[in-house]
Amino acid sequence: MTELRGTAPDDLLPEAPQRMSTAPTEVDAAAPMGIGVIGWLRWFWRTLTSMRTALVLLFLLAIASVPGSLLPQRGTDPGRVTLYLTNDPVKGRILDRLGFFDVFAAPWFAAIYLLLFISLAGCVLPRSRQHWRILRSRPPAAPRNLVRLPEHRQIETDPDVGPQQTLDDAAAFLRRSRWRVDTTSYDGATGTVAAEKGYARETGNLLFHLSLLGLLAAIAFGSLFGFKGTVIVREGSSFADSRAQFDSFTPGKAYSDSSLPPFAFTLEKFIADYQRGGQQNGAARQFAADVTVIREPGAAPTAEHIEVNAPLDVNGVKVFLVGHGYAPTITLRDAKGQIVFRDSVVFIPQDGNFTSTGVVKAPDTVPQLGISGFFLPTSAVDTTLGPHSTFPAADDPEVFLSAWTGDLGLGTGKAQSVYKLDTTRMTKLGIERLTPGQSWKLPGGHGTVTLDGYRQWASFTVARDPGKELALLAAVLAITGLALSLLVRRRRVWVRVSSGATGVTVVEVAGLTRSEHTSVADEVDALAASLGTTVSTTSTAPPGG
Amino acid sequence: MSVNEALATYSNYLVYGAMAAYTIAMIAFAASLASMRGRDLVPAAAAAAEQSGGGVAVATRVEVAVGGPDDGAIPPGRRSGNIGMSLTWMGTLLLGVGLLLRGLSVGRAPWGNMCEFSLTSAFAVAAAFLVISLRRDVRWLGVFVVTPVLLALGSAMTFLYTDAAQLVPALKSYWLVIHVSAAVICGGAFCIGAAVTVLFLVADAGERRAAIGKPYHLAWLARRLPESPRLDAMAYRIHAFMFPLWTFAIVAGAIWAENAWGRYWGWDPKETWAFITWVAYAAYLHARATVGWKGRKASVIALIAFGCFLFNYFGINILVTGLHSYAGV
Ligand code: HEM
């Protein structure tokens, strides 16, 4: 709180240690005139660490995130970025240059959050020091004029109880409810008890902001030392955890291969189950991968089960099931009947019913052969959609293949996708549909193509983020801090005993809170009631209490 | 596991029953507001000055105009307001049982697709309102809460409607229960927070105009609302109470994402907008502590933040593709 809340005027609040929050007082940092570099630096620092700048930076951070969700992003969907660039090359190129396809790694995005965190550190670290001092100091002395505080009671005590006894009773009462208490003994004319409670509000606020710094550090640590790779494994095939075996691998900047623990697994069986019938016909109901794992070289293989929300954990490296598809088993024979290719080929699903596409390349035949086509787990053909699948399970599998002959273009040195056929220097031999077990004799004596059957494949993400436990800890601390900061009330009460003009002892109880829209009325009342009978009440707390 | 069709059908009947109850409640609340006597629009600052000027030993805490002391006669609007409250209780009870049956019919938490999220959110809004009503008189707020509840139920039962069914594998996790219930409760409370914030802006504008003797086209409404500082305080309390829970909802989502996809944060559109919403609410809390931003400007930020929340729910689910897609929308 940068200024008073409630109706207590400022002069009621004695100097520095009296403030209930270490928040910076908002003085407009006027630009210094003619103070030289140091002056300007100081001005810049004050401006950067002011609440208003923090507010503006928070706004900027929110606004800067928006394009990251509306434009396709390299990190999450590189395919759609490429599509955007081909569809609208001019605008796409400009956006790309400005980093809009990778917003969360763009320099301007980093600039905003780094400034925000510098501002945060510059604001919170000095405040923590100040709060630390306050935590060890006494509650502030009573203001001169208690009746001007938001809550004020005048009470009559039992005539047998002396002034000092009243003060002692008040102090004891407050200590029992865990207030921090400071007493000034009765000196014949006056004596006071000062008490304060709710320091946890400020502690919580600082804890929250410091935890945000911790969270940022944890994220940075994790992305520096962690890695993430994806790999497609067919049923019956194996994966060994080494960099070369991944289809894609993104290591952190400080990652070294020695932190990749050697393990291997074989995908024994992939199980998928789909809703049949009803409004959600074809929706997935279960995915699971049965695997055999060798946790370290020489270890005995163990059978494990990976599901979508149940990853496999091998010495801190986690294996997540993220996708699946079909791999038709295709055999190519040349004119003499020699097998030139036999494998289960990964086809990539194109829609929710797993209409999948893929290619086979046979570079060793002369001339070279290439096959591209569709795998349809539940096959259907119609005039608008052409060959397509109508259900994701392999109820009625079929392939539609087209065969090409000529030059596959592998010798050009240019990297080629294993999922695409470059047909610029090839001629088409024909197209054919095959069900498992069927063969197709290619025209022109180029040999035969056989669909032997199919296997399923599953794709896995293998990842390690050494910062994630730290990030979780920071998040838990942040939530704890927030809850304290937003739910605890910081408040003060004072008791003053003074001998009035006529010799009667006047006992006053007063209280103040600056936590927004709360009141200490109940606590002041309880304290007053414990000391005697209230004879007058003033309550000028603002509405809303 | 299969679906118990009978339970699912009863569940729908109960939701329709709840909609009927809420519709009548909405009319009753509107009638209550319309027939209310209202107050003089005294600017809050002037009223406060008047109070502290006296400084004598009297309790000056302000009572709400609506629930003021009744001198025997029932104040106008009180009876229909009570009818509205009772029907809201009834509608919420029916909706609660409806949700329970829907959950039982599929053997899981009843929030697995947008239809069910909308039903649960409507329940959360109504329940949050009823919880607040236990502590203070909020009949004036009724119509502004029951109307969005009805809108949410209406959209759930029409264009978002999905038959009760099992979940896609990605949602089969106990984190669904934790993360989504936290998010839905926040949504319900943020909705009420936004309603109170809008009413604050109306009351505040009414009081300001009254102070300088200018006409105000919403004066009829402003007069029937509590004083603007009360509304401001109430809106702040709701937001301040919910912000830690919203933070928790995001953290729970991150833990779940780590468990399902191998990363706890990946700037998926849904995650991005959860973040934007979070930052916007943090900006609101900051604005209240920044000189020159208190009051109206801060309130506008709270409304923007709620707009982000709604966009994340409707906009992202329907318009943008991402990992967070739900069967049947
Ligand atoms: C990462 C960005 C930040 C976030 C998410 C954030 C969030 C919050 C939240 C939620 C509160 C609680 C508000 C309340 O107690 O009513 C708060 C309070 C506060 N923040 Fe930040 N904050 C951020 C950065 C900063 C920065 C850069 C500063 C320094 C200029 C700052 C200074 C403060 C202060 C002084 C308070 C206390 C306000 C009061 O006493 O009511 N914050 N912040």
# chains A, B, ... in the order shown; residues from 1 in each chain; ligands from 1
>>> residues_near_ligand(ligand="ligand 1", cutoff="7 Å", atoms="only C-alpha atoms and all ligand atoms", output="PDB file with N, CA, C and O atoms, in the first residue's frame")
ATOM      1  N   MET A   1       0.853  -1.184   0.000  1.00  0.00           N
ATOM      2  CA  MET A   1       0.000   0.000   0.000  1.00  0.00           C
ATOM      3  C   MET A   1       0.878   1.219   0.000  1.00  0.00           C
ATOM      4  O   MET A   1       1.685   1.419   0.872  1.00  0.00           O
ATOM      5  N   THR A   2       0.699   2.009  -0.975  1.00  0.00           N
ATOM      6  CA  THR A   2       1.573   3.142  -1.080  1.00  0.00           C
ATOM      7  C   THR A   2       1.020   4.318  -0.310  1.00  0.00           C
ATOM      8  O   THR A   2       1.696   5.300  -0.122  1.00  0.00           O
ATOM      9  N   SER A  21       3.430  -1.058   5.622  1.00  0.00           N
ATOM     10  CA  SER A  21       3.899  -1.791   4.463  1.00  0.00           C
ATOM     11  C   SER A  21       5.200  -1.153   4.046  1.00  0.00           C
ATOM     12  O   SER A  21       5.411   0.039   4.235  1.00  0.00           O
ATOM     13  N   ALA A  23       6.030  -0.952   1.070  1.00  0.00           N
ATOM     14  CA  ALA A  23       5.870  -0.541  -0.312  1.00  0.00           C
ATOM     15  C   ALA A  23       6.436   0.859  -0.494  1.00  0.00           C
ATOM     16  O   ALA A  23       6.339   1.686   0.394  1.00  0.00           O
ATOM     17  N   PRO A  24       7.023   1.113  -1.670  1.00  0.00           N
ATOM     18  CA  PRO A  24       7.633   2.413  -1.885  1.00  0.00           C
ATOM     19  C   PRO A  24       6.559   3.493  -1.864  1.00  0.00           C
ATOM     20  O   PRO A  24       5.465   3.291  -2.374  1.00  0.00           O
ATOM     21  N   THR A  49      11.889   1.021 -10.751  1.00  0.00           N
ATOM     22  CA  THR A  49      11.410   0.221  -9.622  1.00  0.00           C
ATOM     23  C   THR A  49      10.139   0.806  -8.999  1.00  0.00           C
ATOM     24  O   THR A  49       9.762   0.415  -7.909  1.00  0.00           O
ATOM     25  N   SER A  50       9.488   1.711  -9.704  1.00  0.00           N
ATOM     26  CA  SER A  50       8.250   2.267  -9.133  1.00  0.00           C
ATOM     27  C   SER A  50       7.064   1.372  -9.454  1.00  0.00           C
ATOM     28  O   SER A  50       7.088   0.573 -10.383  1.00  0.00           O
ATOM     29  N   MET A  51       6.031   1.502  -8.656  1.00  0.00           N
ATOM     30  CA  MET A  51       4.826   0.693  -8.855  1.00  0.00           C
ATOM     31  C   MET A  51       4.215   0.947 -10.223  1.00  0.00           C
ATOM     32  O   MET A  51       3.694   0.050 -10.858  1.00  0.00           O
ATOM     33  N   THR A  53       5.655   1.773 -13.028  1.00  0.00           N
ATOM     34  CA  THR A  53       6.390   1.059 -14.073  1.00  0.00           C
ATOM     35  C   THR A  53       6.071  -0.431 -14.020  1.00  0.00           C
ATOM     36  O   THR A  53       5.882  -1.069 -15.055  1.00  0.00           O
ATOM     37  N   ALA A  54       5.987  -0.964 -12.805  1.00  0.00           N
ATOM     38  CA  ALA A  54       5.646  -2.382 -12.676  1.00  0.00           C
ATOM     39  C   ALA A  54       4.302  -2.645 -13.339  1.00  0.00           C
ATOM     40  O   ALA A  54       4.131  -3.636 -14.063  1.00  0.00           O
ATOM     41  N   LEU A  58       3.657  -5.081 -16.496  1.00  0.00           N
ATOM     42  CA  LEU A  58       2.717  -6.205 -16.431  1.00  0.00           C
ATOM     43  C   LEU A  58       1.771  -6.165 -17.620  1.00  0.00           C
ATOM     44  O   LEU A  58       1.512  -7.176 -18.277  1.00  0.00           O
ATOM     45  N   LEU A 116      10.893  -6.415 -16.164  1.00  0.00           N
ATOM     46  CA  LEU A 116       9.940  -6.616 -15.074  1.00  0.00           C
ATOM     47  C   LEU A 116      10.637  -7.257 -13.877  1.00  0.00           C
ATOM     48  O   LEU A 116      10.430  -6.853 -12.728  1.00  0.00           O
ATOM     49  N   PHE A 117      11.490  -8.225 -14.169  1.00  0.00           N
ATOM     50  CA  PHE A 117      12.128  -8.910 -13.053  1.00  0.00           C
ATOM     51  C   PHE A 117      13.232  -8.056 -12.419  1.00  0.00           C
ATOM     52  O   PHE A 117      13.464  -8.156 -11.223  1.00  0.00           O
ATOM     53  N   SER A 119      12.982  -4.811 -12.239  1.00  0.00           N
ATOM     54  CA  SER A 119      12.152  -3.912 -11.442  1.00  0.00           C
ATOM     55  C   SER A 119      11.718  -4.606 -10.156  1.00  0.00           C
ATOM     56  O   SER A 119      11.752  -4.028  -9.070  1.00  0.00           O
ATOM     57  N   LEU A 120      11.329  -5.852 -10.310  1.00  0.00           N
ATOM     58  CA  LEU A 120      10.869  -6.639  -9.157  1.00  0.00           C
ATOM     59  C   LEU A 120      11.989  -6.764  -8.120  1.00  0.00           C
ATOM     60  O   LEU A 120      11.774  -6.519  -6.929  1.00  0.00           O
ATOM     61  N   CYS A 123      12.769  -3.591  -6.434  1.00  0.00           N
ATOM     62  CA  CYS A 123      11.700  -3.144  -5.545  1.00  0.00           C
ATOM     63  C   CYS A 123      11.659  -4.012  -4.291  1.00  0.00           C
ATOM     64  O   CYS A 123      11.517  -3.528  -3.173  1.00  0.00           O
ATOM     65  N   VAL A 124      11.807  -5.307  -4.504  1.00  0.00           N
ATOM     66  CA  VAL A 124      11.531  -6.235  -3.412  1.00  0.00           C
ATOM     67  C   VAL A 124      12.719  -6.432  -2.481  1.00  0.00           C
ATOM     68  O   VAL A 124      12.534  -6.573  -1.272  1.00  0.00           O
ATOM     69  N   ASN A 205       3.664 -11.004   1.060  1.00  0.00           N
ATOM     70  CA  ASN A 205       3.832 -10.252  -0.173  1.00  0.00           C
ATOM     71  C   ASN A 205       5.267 -10.374  -0.687  1.00  0.00           C
ATOM     72  O   ASN A 205       5.504 -10.631  -1.870  1.00  0.00           O
ATOM     73  N   HIS A 209       6.712 -12.231  -4.188  1.00  0.00           N
ATOM     74  CA  HIS A 209       7.532 -11.616  -5.237  1.00  0.00           C
ATOM     75  C   HIS A 209       8.897 -12.289  -5.362  1.00  0.00           C
ATOM     76  O   HIS A 209       9.400 -12.485  -6.470  1.00  0.00           O
ATOM     77  N   LEU A 212       8.627 -15.431  -7.303  1.00  0.00           N
ATOM     78  CA  LEU A 212       8.579 -15.242  -8.753  1.00  0.00           C
ATOM     79  C   LEU A 212       9.990 -15.191  -9.326  1.00  0.00           C
ATOM     80  O   LEU A 212      10.254 -15.757 -10.385  1.00  0.00           O
ATOM     81  N   LEU A 482       1.068 -15.434  -1.515  1.00  0.00           N
ATOM     82  CA  LEU A 482      -0.119 -14.717  -1.975  1.00  0.00           C
ATOM     83  C   LEU A 482      -1.250 -14.821  -0.975  1.00  0.00           C
ATOM     84  O   LEU A 482      -1.901 -13.831  -0.646  1.00  0.00           O
ATOM     85  N   SER A 485      -0.560 -12.715   1.901  1.00  0.00           N
ATOM     86  CA  SER A 485      -0.579 -11.292   1.587  1.00  0.00           C
ATOM     87  C   SER A 485      -1.987 -10.782   1.329  1.00  0.00           C
ATOM     88  O   SER A 485      -2.303  -9.641   1.639  1.00  0.00           O
ATOM     89  N   LEU A 486      -2.836 -11.626   0.794  1.00  0.00           N
ATOM     90  CA  LEU A 486      -4.180 -11.144   0.470  1.00  0.00           C
ATOM     91  C   LEU A 486      -5.195 -11.442   1.570  1.00  0.00           C
ATOM     92  O   LEU A 486      -6.258 -10.850   1.602  1.00  0.00           O
TER      93      LEU A 486
ATOM     94  N   ALA B 240      -9.476 -10.578  -4.637  1.00  0.00           N
ATOM     95  CA  ALA B 240      -8.316 -10.892  -3.807  1.00  0.00           C
ATOM     96  C   ALA B 240      -8.410 -12.313  -3.279  1.00  0.00           C
ATOM     97  O   ALA B 240      -7.417 -13.012  -3.134  1.00  0.00           O
ATOM     98  N   VAL B 279      -1.840 -12.420 -15.385  1.00  0.00           N
ATOM     99  CA  VAL B 279      -1.115 -11.146 -15.368  1.00  0.00           C
ATOM    100  C   VAL B 279      -2.106  -9.985 -15.274  1.00  0.00           C
ATOM    101  O   VAL B 279      -1.875  -9.008 -14.559  1.00  0.00           O
ATOM    102  N   ALA B 282      -3.272  -9.694 -11.791  1.00  0.00           N
ATOM    103  CA  ALA B 282      -2.183  -9.152 -10.983  1.00  0.00           C
ATOM    104  C   ALA B 282      -2.068  -7.653 -11.218  1.00  0.00           C
ATOM    105  O   ALA B 282      -1.860  -6.874 -10.279  1.00  0.00           O
ATOM    106  N   LEU B 285      -4.664  -5.941  -9.139  1.00  0.00           N
ATOM    107  CA  LEU B 285      -4.287  -5.833  -7.729  1.00  0.00           C
ATOM    108  C   LEU B 285      -3.204  -4.768  -7.535  1.00  0.00           C
ATOM    109  O   LEU B 285      -3.214  -4.020  -6.564  1.00  0.00           O
ATOM    110  N   HIS B 286      -2.295  -4.695  -8.491  1.00  0.00           N
ATOM    111  CA  HIS B 286      -1.257  -3.665  -8.426  1.00  0.00           C
ATOM    112  C   HIS B 286      -1.861  -2.286  -8.585  1.00  0.00           C
ATOM    113  O   HIS B 286      -1.463  -1.350  -7.902  1.00  0.00           O
ATOM    114  N   ALA B 289      -3.009  -0.463  -5.747  1.00  0.00           N
ATOM    115  CA  ALA B 289      -2.002   0.047  -4.824  1.00  0.00           C
ATOM    116  C   ALA B 289      -1.152   1.133  -5.482  1.00  0.00           C
ATOM    117  O   ALA B 289      -0.141   1.536  -4.947  1.00  0.00           O
TER     118      ALA B 289
END
>>> interface_residues(of="chain A", to="chain B", cutoff="6 Å", atoms="only C-alpha atoms", output="ChimeraX atom specification")
/A:1,55,62,69,284-286,308-309,479,482-483,486,517,536-539,543-544
>>> closest_residue(among="A:Leu451, A:Leu146, A:Val193, A:Leu210", to="Asp343 of chain A", atoms="only C-alpha atoms")
A:Leu451
>>> select_by_dssp(residues="segment 450-517 of chain A", states="strand (DSSP E or B)", output="PyMOL selection string")
chain A and resi 450-464+491-499+505-513
>>> select_by_dssp(residues="segment 138-254 of chain A", states="helix (DSSP H, G or I)", output="JSON, numbers by chain")
{"A": [146, 147, 148, 163, 164, 165, 166, 167, 168, 169, 170, 171, 172, 173, 174, 175, 176, 200, 201, 202, 203, 204, 205, 206, 207, 208, 209, 210, 211, 212, 213, 214, 215, 216, 217, 218, 219, 220, 221, 222, 223, 224, 225, 243, 244, 245]}
>>> residues_around(residues="Leu260 of chain A", least_positions_apart="4", cutoff="12 Å", atoms="only C-alpha atoms", output="tab-separated table (two decimals) with N, CA, C and O atoms, in the first residue's frame")
chain	number	residue	atom	x	y	z
A	225	PHE	N	19.90	-26.92	-18.68
A	225	PHE	CA	20.49	-28.23	-18.45
A	225	PHE	C	19.62	-29.40	-18.90
A	225	PHE	O	20.03	-30.54	-18.83
A	226	GLY	N	18.40	-29.11	-19.30
A	226	GLY	CA	17.50	-30.20	-19.67
A	226	GLY	C	17.59	-30.55	-21.14
A	226	GLY	O	18.40	-30.01	-21.88
A	227	PHE	N	16.78	-31.50	-21.54
A	227	PHE	CA	16.68	-31.82	-22.96
A	227	PHE	C	15.29	-32.39	-23.22
A	227	PHE	O	14.57	-32.76	-22.30
A	228	LYS	N	14.97	-32.44	-24.50
A	228	LYS	CA	13.71	-33.02	-24.89
A	228	LYS	C	13.89	-33.63	-26.26
A	228	LYS	O	14.48	-33.01	-27.15
A	229	GLY	N	13.43	-34.86	-26.44
A	229	GLY	CA	13.52	-35.49	-27.74
A	229	GLY	C	12.23	-36.21	-28.05
A	229	GLY	O	11.48	-36.55	-27.15
A	240	ALA	N	16.90	-47.02	-28.12
A	240	ALA	CA	17.94	-46.91	-27.11
A	240	ALA	C	18.20	-45.43	-26.91
A	240	ALA	O	18.26	-44.66	-27.87
A	241	ASP	N	18.32	-45.03	-25.65
A	241	ASP	CA	18.41	-43.61	-25.34
A	241	ASP	C	19.76	-43.04	-25.71
A	241	ASP	O	20.65	-42.91	-24.89
A	242	SER	N	19.91	-42.69	-26.98
A	242	SER	CA	21.11	-41.96	-27.38
A	242	SER	C	20.67	-40.94	-28.39
A	242	SER	O	19.66	-41.10	-29.05
A	243	ARG	N	21.42	-39.89	-28.50
A	243	ARG	CA	21.02	-38.74	-29.29
A	243	ARG	C	20.67	-39.11	-30.73
A	243	ARG	O	19.72	-38.63	-31.31
A	244	ALA	N	21.44	-40.05	-31.29
A	244	ALA	CA	21.27	-40.38	-32.70
A	244	ALA	C	19.93	-41.03	-32.99
A	244	ALA	O	19.44	-40.99	-34.10
A	249	PHE	N	15.64	-33.70	-31.48
A	249	PHE	CA	16.27	-33.62	-30.18
A	249	PHE	C	16.61	-32.16	-29.91
A	249	PHE	O	17.28	-31.51	-30.70
A	251	PRO	N	18.41	-30.09	-27.08
A	251	PRO	CA	19.12	-30.01	-25.80
A	251	PRO	C	19.18	-28.58	-25.30
A	251	PRO	O	19.09	-27.63	-26.07
A	255	TYR	N	23.53	-28.45	-21.81
A	255	TYR	CA	23.31	-29.89	-21.70
A	255	TYR	C	24.53	-30.65	-22.22
A	255	TYR	O	25.17	-30.25	-23.19
A	256	SER	N	24.86	-31.76	-21.55
A	256	SER	CA	25.90	-32.61	-22.13
A	256	SER	C	25.38	-34.04	-22.18
A	256	SER	O	24.58	-34.44	-21.35
A	264	ALA	N	16.99	-48.52	-22.61
A	264	ALA	CA	16.40	-48.91	-23.88
A	264	ALA	C	15.04	-49.52	-23.61
A	264	ALA	O	14.80	-50.04	-22.52
A	296	GLU	N	19.23	-50.00	-17.33
A	296	GLU	CA	20.63	-49.61	-17.56
A	296	GLU	C	21.33	-50.79	-18.20
A	296	GLU	O	20.83	-51.91	-18.13
A	314	VAL	N	12.58	-43.26	-15.88
A	314	VAL	CA	13.82	-44.01	-15.78
A	314	VAL	C	14.91	-43.08	-15.27
A	314	VAL	O	15.40	-42.23	-16.00
A	315	ASN	N	15.26	-43.24	-14.03
A	315	ASN	CA	16.32	-42.42	-13.41
A	315	ASN	C	16.18	-40.93	-13.72
A	315	ASN	O	17.13	-40.28	-14.12
A	316	GLY	N	14.98	-40.41	-13.55
A	316	GLY	CA	14.79	-38.98	-13.74
A	316	GLY	C	14.48	-38.56	-15.16
A	316	GLY	O	14.09	-37.43	-15.41
A	317	VAL	N	14.65	-39.48	-16.11
A	317	VAL	CA	14.23	-39.18	-17.48
A	317	VAL	C	12.84	-39.75	-17.65
A	317	VAL	O	12.57	-40.88	-17.26
A	318	LYS	N	11.94	-38.95	-18.20
A	318	LYS	CA	10.57	-39.43	-18.35
A	318	LYS	C	10.23	-39.71	-19.79
A	318	LYS	O	10.65	-38.97	-20.69
A	462	VAL	N	10.77	-37.97	-24.85
A	462	VAL	CA	11.70	-38.35	-23.79
A	462	VAL	C	12.28	-37.04	-23.28
A	462	VAL	O	12.84	-36.27	-24.07
A	463	ALA	N	12.09	-36.75	-22.01
A	463	ALA	CA	12.49	-35.43	-21.54
A	463	ALA	C	13.02	-35.46	-20.13
A	463	ALA	O	12.68	-36.34	-19.33
A	464	ARG	N	13.87	-34.50	-19.86
A	464	ARG	CA	14.35	-34.31	-18.51
A	464	ARG	C	14.44	-32.82	-18.28
A	464	ARG	O	15.00	-32.08	-19.08
A	465	ASP	N	13.82	-32.35	-17.20
A	465	ASP	CA	13.88	-30.94	-16.85
A	465	ASP	C	14.37	-30.84	-15.41
A	465	ASP	O	13.59	-30.98	-14.48
>>> residues_around(residues="Thr423 of chain A", least_positions_apart="2", cutoff="9 Å", atoms="only C-alpha atoms", output="list in words")
Gly370, Trp404, Thr405, Gly406, Asp407, Leu408, Gly409, Leu421, Arg425, Met426, Thr427 and Lys428 of chain A
>>> residues_around(residues="Leu218 of chain B", least_positions_apart="2", cutoff="9 Å", atoms="only C-alpha atoms", output="PyMOL selection string")
chain B and resi 202-203+205-206+215-216+220-223
>>> residues_around(residues="Pro397 of chain A", least_positions_apart="6", cutoff="10 Å", atoms="only C-alpha atoms", output="list in words")
Pro328, Phe375, Leu376, Pro377, Thr378, Ser379, Ala380, Ser389, Leu434, Thr435, Pro436, Gly453 and Tyr454 of chain A
>>> residues_around(residues="Trp111 of chain B", least_positions_apart="3", cutoff="7 Å", atoms="only C-alpha atoms", output="list in words")
Glu116, Phe117 and Thr120 of chain B
>>> closest_residue(among="A:Val291, A:Ile431, A:Val449, A:Val497", to="Thr329 of chain A", atoms="only C-alpha atoms")
A:Val449
>>> closest_residue(among="B:Val177, B:Arg39, B:Ala25, B:Ser121", to="Ser155 of chain B", atoms="only C-alpha atoms")
B:Ser121
>>> closest_residue(among="A:Glu235, A:Asp364, A:Asp158, A:Asp77", to="Asp290 of chain A", atoms="only C-alpha atoms")
A:Glu235
>>> atom_distance(atom1="atom CA of Asn82 of chain B", atom2="atom CA of Ser32 of chain B")
8.6 Å
